[in-house]
>>> print(open('input.cif').read())   # mmCIF, C-alpha atoms and all ligand atoms
data_query
loop_
_atom_site.label_atom_id
_atom_site.label_comp_id
_atom_site.auth_asym_id
_atom_site.auth_seq_id
_atom_site.Cartn_x
_atom_site.Cartn_y
_atom_site.Cartn_z
CA MET A 11 93.35 124.51 94.86
CA GLU A 12 90.10 122.62 95.42
CA THR A 13 90.32 120.79 92.13
CA LEU A 14 93.88 119.80 92.97
CA ALA A 15 92.75 118.10 96.18
CA ARG A 16 91.17 115.46 94.02
CA TRP A 17 94.65 114.65 92.75
CA GLY A 18 96.19 114.51 96.20
CA TRP A 19 97.22 118.13 96.84
CA ILE A 20 97.77 118.39 100.60
CA PRO A 21 99.44 120.94 102.92
CA PHE A 22 102.67 118.93 102.73
CA PHE A 23 103.03 120.11 99.13
CA GLU A 24 101.41 123.49 99.47
CA SER A 25 103.82 124.47 102.23
CA GLN A 26 106.72 123.98 99.81
CA LEU A 27 105.58 126.79 97.56
CA ASP A 28 107.54 129.98 97.82
CA PRO A 29 105.30 132.98 97.03
CA ARG A 30 108.21 134.92 95.54
CA GLN A 31 110.07 132.22 93.70
CA ASP A 32 107.05 130.32 92.43
CA GLN A 33 104.87 133.25 91.47
CA GLY A 34 103.31 132.83 88.07
CA LEU A 35 104.07 129.12 88.00
CA ILE A 36 101.28 126.58 87.54
CA VAL A 37 101.09 123.72 90.02
CA GLY A 38 100.09 120.25 88.87
CA ARG A 39 100.63 116.55 89.24
CA ALA A 40 102.49 114.56 86.62
CA VAL A 41 100.10 111.77 85.68
CA HIS A 42 101.62 110.36 82.53
CA GLU A 43 105.06 110.17 81.03
CA LEU A 44 106.20 109.34 77.57
CA ARG A 45 109.88 109.77 76.75
CA GLY A 46 110.41 112.74 78.96
CA VAL A 47 107.18 114.51 78.04
CA PHE A 48 104.62 114.71 80.84
CA ASP A 49 100.91 115.15 81.07
CA VAL A 50 100.31 117.32 84.11
CA GLN A 51 96.97 117.57 85.84
CA SER A 52 96.55 121.19 86.89
CA ALA A 53 93.74 123.48 87.96
CA GLU A 54 93.70 124.62 84.33
CA GLY A 55 93.21 121.08 83.08
CA LEU A 56 95.61 118.56 81.59
CA LEU A 57 98.76 120.23 80.25
CA ARG A 58 101.56 118.66 78.26
CA ALA A 59 105.02 119.74 79.44
CA GLY A 60 108.70 119.14 78.92
CA VAL A 61 111.33 119.23 81.63
CA ALA A 62 113.67 122.21 82.09
CA GLY A 63 117.18 121.30 81.02
CA ARG A 64 118.74 122.44 84.26
CA LEU A 65 116.74 119.79 86.18
CA HIS A 66 118.48 116.96 84.35
CA GLN A 67 121.33 115.43 86.23
CA GLY A 68 123.52 112.87 84.55
CA GLY A 69 120.89 112.05 81.97
CA ALA A 70 118.32 110.73 84.42
CA VAL A 71 114.80 112.15 84.14
CA PRO A 72 114.21 113.96 87.41
CA VAL A 73 110.43 113.66 87.24
CA VAL A 74 108.30 110.52 87.58
CA ALA A 75 104.58 109.96 87.33
CA GLY A 76 103.04 110.92 90.65
CA ASP A 77 105.26 113.94 91.24
CA TRP A 78 103.91 117.39 92.04
CA VAL A 79 105.57 119.96 89.79
CA CYS A 80 105.60 123.68 89.00
CA LEU A 81 105.16 124.64 85.37
CA GLN A 82 106.16 127.75 83.54
CA ARG A 83 104.33 128.90 80.46
CA LYS A 84 106.78 129.82 77.73
CA GLU A 85 105.48 130.96 74.37
CA GLY A 86 102.42 128.78 74.62
CA ARG A 87 104.38 125.75 75.80
CA PHE A 88 104.83 124.41 79.29
CA VAL A 89 108.07 123.54 81.02
CA ILE A 90 108.49 121.80 84.37
CA GLN A 91 110.71 124.13 86.40
CA ARG A 92 110.49 122.52 89.77
CA VAL A 93 109.68 119.15 91.35
CA LEU A 94 108.26 119.37 94.84
CA GLU A 95 109.73 117.17 97.53
CA ARG A 96 108.12 113.72 97.48
CA ARG A 97 106.09 112.56 100.42
CA THR A 98 106.82 108.93 99.57
CA GLN A 99 108.94 107.23 96.95
CA LEU A 100 109.39 103.62 95.99
CA VAL A 101 112.89 102.95 94.72
CA ARG A 102 114.62 100.00 93.24
CA GLN A 103 118.22 99.23 92.67
CA ALA A 104 119.07 99.78 89.01
CA ALA A 105 119.45 96.61 86.98
CA SER A 106 122.85 97.71 85.72
CA ARG A 107 126.15 97.55 87.55
CA ARG A 108 125.81 101.11 88.71
CA THR A 109 124.14 101.18 92.07
CA GLU A 110 121.88 104.14 91.53
CA ALA A 111 118.45 103.70 92.93
CA GLN A 112 115.64 104.34 90.47
CA VAL A 113 112.43 105.97 91.60
CA LEU A 114 109.51 103.84 90.44
CA ALA A 115 106.63 105.64 92.03
CA SER A 116 106.21 108.93 93.76
CA ASN A 117 103.69 110.17 96.29
CA VAL A 118 101.82 106.88 96.57
CA ASP A 119 99.86 106.50 99.81
CA VAL A 120 98.97 102.83 99.74
CA ILE A 121 100.88 100.05 98.04
CA PHE A 122 98.97 96.83 97.49
CA VAL A 123 101.34 93.87 97.66
CA VAL A 124 99.52 91.37 95.50
CA THR A 125 100.07 87.65 95.73
CA SER A 126 97.73 84.77 95.03
CA PHE A 127 96.40 81.62 96.63
CA GLN A 128 97.87 79.76 93.70
CA GLN A 129 101.36 78.25 93.50
CA ASP A 130 102.87 81.69 93.82
CA LEU A 131 102.19 82.32 97.49
CA SER A 132 105.50 82.69 99.28
CA LEU A 133 105.63 84.11 102.80
CA ARG A 134 109.25 85.09 102.25
CA ARG A 135 108.32 87.17 99.25
CA VAL A 136 105.53 88.88 101.16
CA GLU A 137 108.04 89.84 103.85
CA ARG A 138 110.33 91.38 101.26
CA TYR A 139 107.71 93.39 99.52
CA VAL A 140 106.23 94.66 102.77
CA ALA A 141 109.65 95.69 104.09
CA GLN A 142 110.32 97.65 100.96
CA VAL A 143 106.95 99.34 100.99
CA TRP A 144 107.57 100.52 104.56
CA GLU A 145 110.83 102.05 103.37
CA SER A 146 109.03 103.96 100.65
CA GLY A 147 106.94 105.81 103.20
CA ALA A 148 103.70 104.40 101.82
CA SER A 149 101.44 102.04 103.79
CA PRO A 150 101.48 98.41 102.75
CA VAL A 151 98.32 96.36 102.25
CA VAL A 152 98.65 92.67 101.39
CA VAL A 153 96.22 91.30 98.83
CA LEU A 154 95.73 87.56 98.50
CA ASN A 155 94.08 87.16 95.12
CA LYS A 156 92.36 84.13 93.57
CA ALA A 157 90.48 83.29 96.76
CA ASP A 158 88.10 81.37 94.52
CA LEU A 159 90.84 78.74 94.08
CA SER A 160 91.50 78.15 97.78
CA ARG A 161 89.87 75.76 100.22
CA ASP A 162 91.53 77.36 103.21
CA VAL A 163 91.18 81.10 102.82
CA GLU A 164 91.08 81.67 106.59
CA GLY A 165 94.13 79.56 107.39
CA VAL A 166 96.33 81.04 104.66
CA THR A 167 95.26 84.57 105.53
CA ARG A 168 96.27 84.03 109.14
CA LYS A 169 99.71 82.74 108.09
CA VAL A 170 100.27 85.83 105.99
CA GLU A 171 99.10 88.10 108.78
CA ALA A 172 101.72 86.50 111.02
CA VAL A 173 104.61 87.50 108.74
CA ALA A 174 103.32 91.05 108.18
CA PRO A 175 102.60 92.44 111.65
CA GLY A 176 100.31 95.45 111.64
CA VAL A 177 99.56 95.18 107.93
CA PRO A 178 95.97 94.66 106.70
CA VAL A 179 95.59 91.46 104.71
CA PHE A 180 92.68 91.01 102.30
CA ALA A 181 91.57 87.82 100.57
CA VAL A 182 89.93 88.75 97.27
CA SER A 183 89.03 87.36 93.89
CA ALA A 184 89.48 89.50 90.83
CA MET A 185 87.57 86.86 88.94
CA ASP A 186 84.28 86.96 90.85
CA GLY A 187 84.90 90.40 92.37
CA SER A 188 84.61 89.36 95.99
CA GLY A 189 86.53 91.52 98.44
CA VAL A 190 87.56 94.04 95.78
CA GLU A 191 85.43 96.88 97.18
CA ALA A 192 87.24 96.52 100.50
CA LEU A 193 90.45 97.31 98.64
CA ALA A 194 88.99 100.41 97.05
CA ALA A 195 87.97 101.53 100.54
CA GLN A 196 91.66 101.71 101.47
CA LEU A 197 91.97 104.67 99.14
CA GLY A 198 89.39 107.46 98.89
CA GLN A 199 89.48 111.15 97.93
CA GLY A 200 92.92 112.35 96.90
CA ARG A 201 94.72 109.14 97.87
CA THR A 202 96.95 107.25 95.50
CA GLY A 203 97.39 103.49 95.39
CA ALA A 204 99.69 101.21 93.41
CA LEU A 205 99.82 97.46 92.83
CA VAL A 206 103.05 95.48 93.00
CA GLY A 207 103.64 91.75 92.86
CA SER A 208 104.94 88.96 90.65
CA SER A 209 103.68 88.36 87.16
CA GLY A 210 100.54 86.25 87.02
CA VAL A 211 99.15 87.00 90.47
CA GLY A 212 96.34 89.05 88.94
CA LYS A 213 97.40 92.70 89.11
CA SER A 214 95.90 93.61 85.73
CA SER A 215 92.69 91.79 86.59
CA LEU A 216 92.45 93.67 89.87
CA LEU A 217 93.15 96.97 88.16
CA ASN A 218 90.36 96.26 85.74
CA ARG A 219 87.98 95.41 88.55
CA LEU A 220 88.91 98.48 90.54
CA MET A 221 88.67 100.84 87.62
CA GLY A 222 85.73 99.41 85.76
CA ARG A 223 84.33 102.18 83.65
CA ALA A 224 87.26 104.51 84.39
CA LEU A 225 89.65 102.27 82.47
CA GLN A 226 87.44 102.28 79.40
CA GLU A 227 87.52 106.07 79.40
CA VAL A 228 91.28 106.14 79.73
CA ARG A 229 91.60 103.80 76.77
CA VAL A 230 89.51 106.10 74.63
CA LEU A 231 91.58 109.09 75.67
CA ARG A 232 94.80 107.30 74.97
CA ASP A 233 93.67 106.21 71.54
CA SER A 234 92.97 109.79 70.62
CA ASP A 235 96.24 111.32 71.80
CA GLN A 236 97.82 110.44 68.47
CA THR A 237 101.22 109.63 69.84
CA GLY A 238 101.02 106.25 68.16
CA GLN A 239 102.84 104.80 71.14
CA HIS A 240 102.18 101.40 72.58
CA THR A 241 100.64 101.54 76.03
CA THR A 242 103.46 99.61 77.70
CA THR A 243 105.87 102.50 77.27
CA SER A 244 103.69 104.96 79.13
CA ARG A 245 103.19 105.63 82.78
CA HIS A 246 99.81 106.33 84.17
CA LEU A 247 97.94 107.64 87.09
CA PHE A 248 94.30 106.61 86.85
CA ASP A 249 91.47 108.47 88.45
CA LEU A 250 88.98 106.04 89.98
CA GLY A 251 86.36 108.79 90.00
CA GLU A 252 83.93 110.27 92.54
CA GLY A 253 86.18 110.60 95.55
CA ARG A 254 87.56 107.08 95.12
CA GLY A 255 91.18 108.10 94.71
CA MET A 256 93.75 107.11 92.07
CA LEU A 257 95.84 104.18 91.01
CA LEU A 258 99.34 104.45 89.65
CA ASP A 259 100.39 101.80 87.17
CA THR A 260 103.76 101.89 85.45
CA PRO A 261 105.78 99.22 83.64
CA GLY A 262 108.60 99.73 86.16
CA LEU A 263 106.27 98.97 89.02
CA ARG A 264 105.06 95.84 87.30
CA GLU A 265 108.59 94.52 86.94
CA PHE A 266 109.51 95.66 90.40
CA GLN A 267 112.00 93.29 92.00
CA VAL A 268 112.28 93.37 95.71
CA TRP A 269 115.35 94.15 97.71
CA THR A 270 115.58 95.96 100.96
CA ASP A 271 118.22 97.06 103.35
CA GLY A 272 117.12 98.95 106.31
CA PRO A 273 114.33 100.35 108.38
CA GLY A 274 111.76 98.15 106.61
CA LEU A 275 113.40 95.05 108.03
CA GLU A 276 112.65 96.20 111.55
CA HIS A 277 109.01 96.64 110.72
CA VAL A 278 108.65 93.19 109.26
CA PHE A 279 111.01 91.22 111.47
CA GLY A 280 110.50 93.15 114.70
CA GLU A 281 110.10 90.07 116.87
CA VAL A 282 113.22 88.41 115.40
CA GLN A 283 115.32 91.54 115.82
CA GLU A 284 114.14 91.82 119.40
CA LEU A 285 115.24 88.25 120.11
CA ALA A 286 118.62 88.91 118.49
CA GLU A 287 119.15 91.96 120.64
CA GLY A 288 118.71 89.78 123.70
CA CYS A 289 121.58 87.44 122.74
CA LYS A 290 124.51 87.29 125.13
CA PHE A 291 127.06 88.26 122.50
CA ARG A 292 126.62 91.44 120.51
CA ASN A 293 127.98 89.79 117.38
CA CYS A 294 126.03 86.55 117.87
CA THR A 295 125.48 84.69 114.60
CA HIS A 296 122.70 82.61 116.18
CA SER A 297 124.34 79.36 115.19
CA GLY A 298 125.12 77.70 118.50
CA GLU A 299 126.61 80.44 120.66
CA PRO A 300 125.81 80.25 124.36
CA GLY A 301 123.08 82.60 125.56
CA CYS A 302 121.52 82.87 122.09
CA GLN A 303 117.90 83.99 122.40
CA VAL A 304 117.17 83.24 118.76
CA GLN A 305 118.25 79.63 119.14
CA ALA A 306 116.25 79.33 122.34
CA ALA A 307 113.11 80.62 120.63
CA LEU A 308 113.65 78.17 117.77
CA ASP A 309 114.06 75.27 120.18
CA GLU A 310 110.94 76.21 122.09
CA GLY A 311 108.93 76.61 118.91
CA ARG A 312 108.37 80.33 119.46
CA LEU A 313 110.19 81.15 116.24
CA ASP A 314 109.65 79.56 112.87
CA GLU A 315 112.68 78.24 111.00
CA GLY A 316 111.46 79.65 107.68
CA ARG A 317 110.97 83.07 109.17
CA LEU A 318 114.48 83.08 110.59
CA GLY A 319 115.73 82.06 107.13
CA GLY A 320 113.85 84.97 105.56
CA TRP A 321 115.41 87.39 108.01
CA ARG A 322 118.93 86.03 107.44
CA GLN A 323 118.56 86.23 103.67
CA LEU A 324 117.37 89.83 103.72
CA GLN A 325 120.16 90.78 106.07
CA ARG A 326 122.73 89.25 103.72
CA GLU A 327 121.30 91.21 100.83
CA ALA A 328 121.25 94.37 102.90
CA ALA A 329 124.94 93.92 103.65
CA TYR A 330 125.63 93.29 99.97
CA HIS A 331 123.82 96.43 98.83
CA GLN A 332 125.47 98.48 101.55
CA GLY A 333 128.84 97.20 100.34
CA ARG A 334 128.09 98.16 96.76
CA ARG A 335 126.98 101.62 97.82
CA ASP A 336 130.13 102.11 99.85
CA GLU A 337 132.19 101.07 96.83
CA ALA A 338 130.33 103.42 94.51
CA GLY A 339 130.84 106.20 97.04
CA LYS A 340 134.58 105.52 97.21
CA ARG A 341 134.88 105.48 93.43
CA ALA A 342 133.09 108.80 93.15
CA GLU A 343 135.32 110.28 95.83
CA ALA A 344 138.48 109.06 94.10
CA LYS A 345 137.25 110.61 90.87
CA ARG A 346 136.57 113.96 92.56
CA PHE A 347 140.01 113.87 94.13
CA THR A 348 141.73 113.15 90.81
CA LYS A 349 139.82 116.02 89.24
CA GLN A 350 140.82 118.38 92.01
CA VAL A 351 144.46 117.41 91.69
CA ARG A 352 144.32 117.93 87.91
CA GLN A 353 142.73 121.32 88.33
CA HIS A 354 145.31 122.24 90.92
CA LEU A 355 148.14 121.23 88.60
CA LYS A 356 146.56 123.16 85.74
CA VAL A 357 146.33 126.29 87.86
CA LYS A 358 149.99 125.95 88.71
CA GLY A 359 150.80 125.43 85.07
CA VAL A 360 152.09 121.92 85.63
CA ARG A 361 150.97 119.19 83.22
P1 LIG B 401 99.33 90.05 86.37
O1 LIG B 401 100.46 89.47 85.58
O2 LIG B 401 99.68 90.14 87.81
O3 LIG B 401 98.83 91.34 85.82
O4 LIG B 401 98.13 88.96 86.29
P2 LIG B 401 96.84 88.94 85.37
O5 LIG B 401 95.82 89.91 85.84
O6 LIG B 401 97.25 89.03 83.95
O7 LIG B 401 96.26 87.49 85.70
C1 LIG B 401 97.01 86.31 85.45
C2 LIG B 401 96.05 85.14 85.25
O8 LIG B 401 95.33 84.87 86.46
C3 LIG B 401 94.99 85.42 84.21
O9 LIG B 401 94.80 84.23 83.47
C4 LIG B 401 93.75 85.75 85.01
O10 LIG B 401 92.56 85.41 84.34
C5 LIG B 401 93.92 84.91 86.24
N1 LIG B 401 93.26 85.49 87.43
C6 LIG B 401 93.37 86.77 87.86
N2 LIG B 401 92.63 86.95 88.98
C7 LIG B 401 92.06 85.76 89.26
C8 LIG B 401 91.18 85.29 90.31
O11 LIG B 401 90.76 86.02 91.22
N3 LIG B 401 90.83 83.97 90.27
C9 LIG B 401 91.26 83.15 89.29
N4 LIG B 401 90.86 81.88 89.34
N5 LIG B 401 92.07 83.54 88.30
C10 LIG B 401 92.46 84.83 88.27
ZN ZN B 402 121.96 84.71 118.91
#
>>> encode(input="input.cif", output="structure tokens")
Amino acid sequence: METLARWGWIPFFESQLDPRQDQGLIVGRAVHELRGVFDVQSAEGLLRAGVAGRLHQGGAVPVVAGDWVCLQRKEGRFVIQRVLERRTQLVRQAASRRTEAQVLASNVDVIFVVTSFQQDLSLRRVERYVAQVWESGASPVVVLNKADLSRDVEGVTRKVEAVAPGVPVFAVSAMDGSGVEALAAQLGQGRTGALVGSSGVGKSSLLNRLMGRALQEVRVLRDSDQTGQHTTTSRHLFDLGEGRGMLLDTPGLREFQVWTDGPGLEHVFGEVQELAEGCKFRNCTHSGEPGCQVQAALDEGRLDEGRLGGWRQLQREAAYHQGRRDEAGKRAEAKRFTKQVRQHLKVKGVR
């Protein structure tokens, strides 16, 4: 199990093994996926494995890069028989009408929310990302990239710190490398990081900086795996080497759009929620009611208008997503009911 520690094997996962049920199975971490075939890092080395049919539910692949899995050897081939419970998972609402959440990353410890000192920097977006990272179970770290372009690194950093209470904020430059080692220090032996953020903020550049030589090696490996597949269709977990941890980089993560609807909001907007709880009316809309603590804080300059706007917007979206989930739940229930009735009628010989 010592070699597995390098890949993040901790008691949380080990305790899930059942000596009877899992005997003879090989434990490993899925580090790469290509069309349902996984490369699994195990104590016996890197193994290529398919997924047992019974794990598939409704067509969705039940394994994602980052998962810890149990493999069975079958006539020289390997099959994933079990996926261990995830310690963290980053989900996004599916792009389609169906409101199934899609797991983008599994068992990530630290998620770097990358933004830049360039035009992109939006405090509202930082709030969203951070809220969603909290919900995943991972720890957020905010990265302000392109520090080389800013004349007010200190001032901007402080503004960002104010909207992400308790979250470390790092100003870095992927171009000249400054601050990048401090990011790497957030990981370490057996810990997994991932980068999220809008296109153009410098995620690829940061990855390159962080990985250096490691990336070159991965490229060579990938070229020789003869799948003939373009890199953008694969999912990867990169080893940073020598007790430096890993980085997970998947296309889904890159395109990750933020939405959030729950506990994460409290983390990010704690002070606003606290004000709202102090309002005289339970259902206060904070738009002129007497005894409104939110309004009072605004008037006295203790609360920023933009921040209140960010909170309202995320709450609206939360309500929207909740509504869609409720609807989906009702539809599924109606379907089950219809099925039951049909079965009942069949049993009774009625048609
Ligand atoms: P991604 O879309 O988030 O992966 O962003 P990229 O890594 O592709 O970077 C987008 C652009 O920003 C590229 O032209 C980079 O050269 C540039 N860039 C990335 N990091 C920095 C930086 O620290 N400073 C400056 N000035 N430019 C950067
Ligand atoms: Zn109020």
>>> residues_near_ligand(input="input.cif", ligand="ligand LIG 401 (chain B)", cutoff="8 Å", atoms="only C-alpha atoms and all ligand atoms", output="list in words")
Val124, Asn155, Lys156, Ala157, Asp158, Leu159, Val182, Ser183, Ala184, Met185, Asp186, Gly187, Gly207, Ser208, Ser209, Gly210, Val211, Gly212, Lys213, Ser214, Ser215, Leu216, Leu217 and Arg264 of chain A
>>> residues_near_point(input="input.cif", point="(109.0, 114.3, 76.4)", cutoff="8 Å", atoms="all atoms listed in the file", output="list in words")
Glu43, Leu44, Arg45, Gly46, Val47, Phe48, Ala59, Gly60 and Val61 of chain A
>>> residues_near_ligand(input="input.cif", ligand="ligand ZN 402 (chain B)", cutoff="7 Å", atoms="all atoms listed in the file", output="PyMOL selection string")
chain A and resi 286+289+294-297+299+302-305
>>> residues_near_point(input="input.cif", point="(104.3, 125.2, 90.8)", cutoff="12 Å", atoms="all atoms listed in the file", output="ChimeraX atom specification")
/A:11,14,19,23-40,50-53,77-83,88-95
>>> atom_distance(input="input.cif", atom1="CA of Arg326 (chain A)", atom2="CA of Arg138 (chain A)")
12.8 Å
>>> closest_residue(input="input.cif", among="A:Asp336, A:Asp259, A:Glu145, A:Glu54", to="His277 (chain A)", atoms="only C-alpha atoms")
A:Glu145
>>> atom_distance(input="input.cif", atom1="CA of Ser149 (chain A)", atom2="CA of Ala75 (chain A)")
18.5 Å
>>> atom_distance(input="input.cif", atom1="CA of Glu137 (chain A)", atom2="CA of Val152 (chain A)")
10.1 Å
>>> closest_residue(input="input.cif", among="A:Gln99, A:Gln196, A:Ser132, A:Thr202", to="Val151 (chain A)", atoms="all atoms listed in the file")
A:Gln196
>>> axis_aligned_box(input="input.cif", around="region 172-175 of chain A", padding_each_side="5 Å", output="lines of an AutoDock Vina configuration file")
center_x = 103.2
center_y = 89.5
center_z = 109.9
size_x = 12.9
size_y = 15.9
size_z = 13.5
>>> residues_around(input="input.cif", residues="region 312-323 of chain A", least_positions_apart="6", cutoff="12 Å", atoms="all atoms listed in the file", output="number ranges by chain")
A: 132-138, 141, 169-170, 172-174, 269-272, 274-286, 295-297, 303-306, 329-330
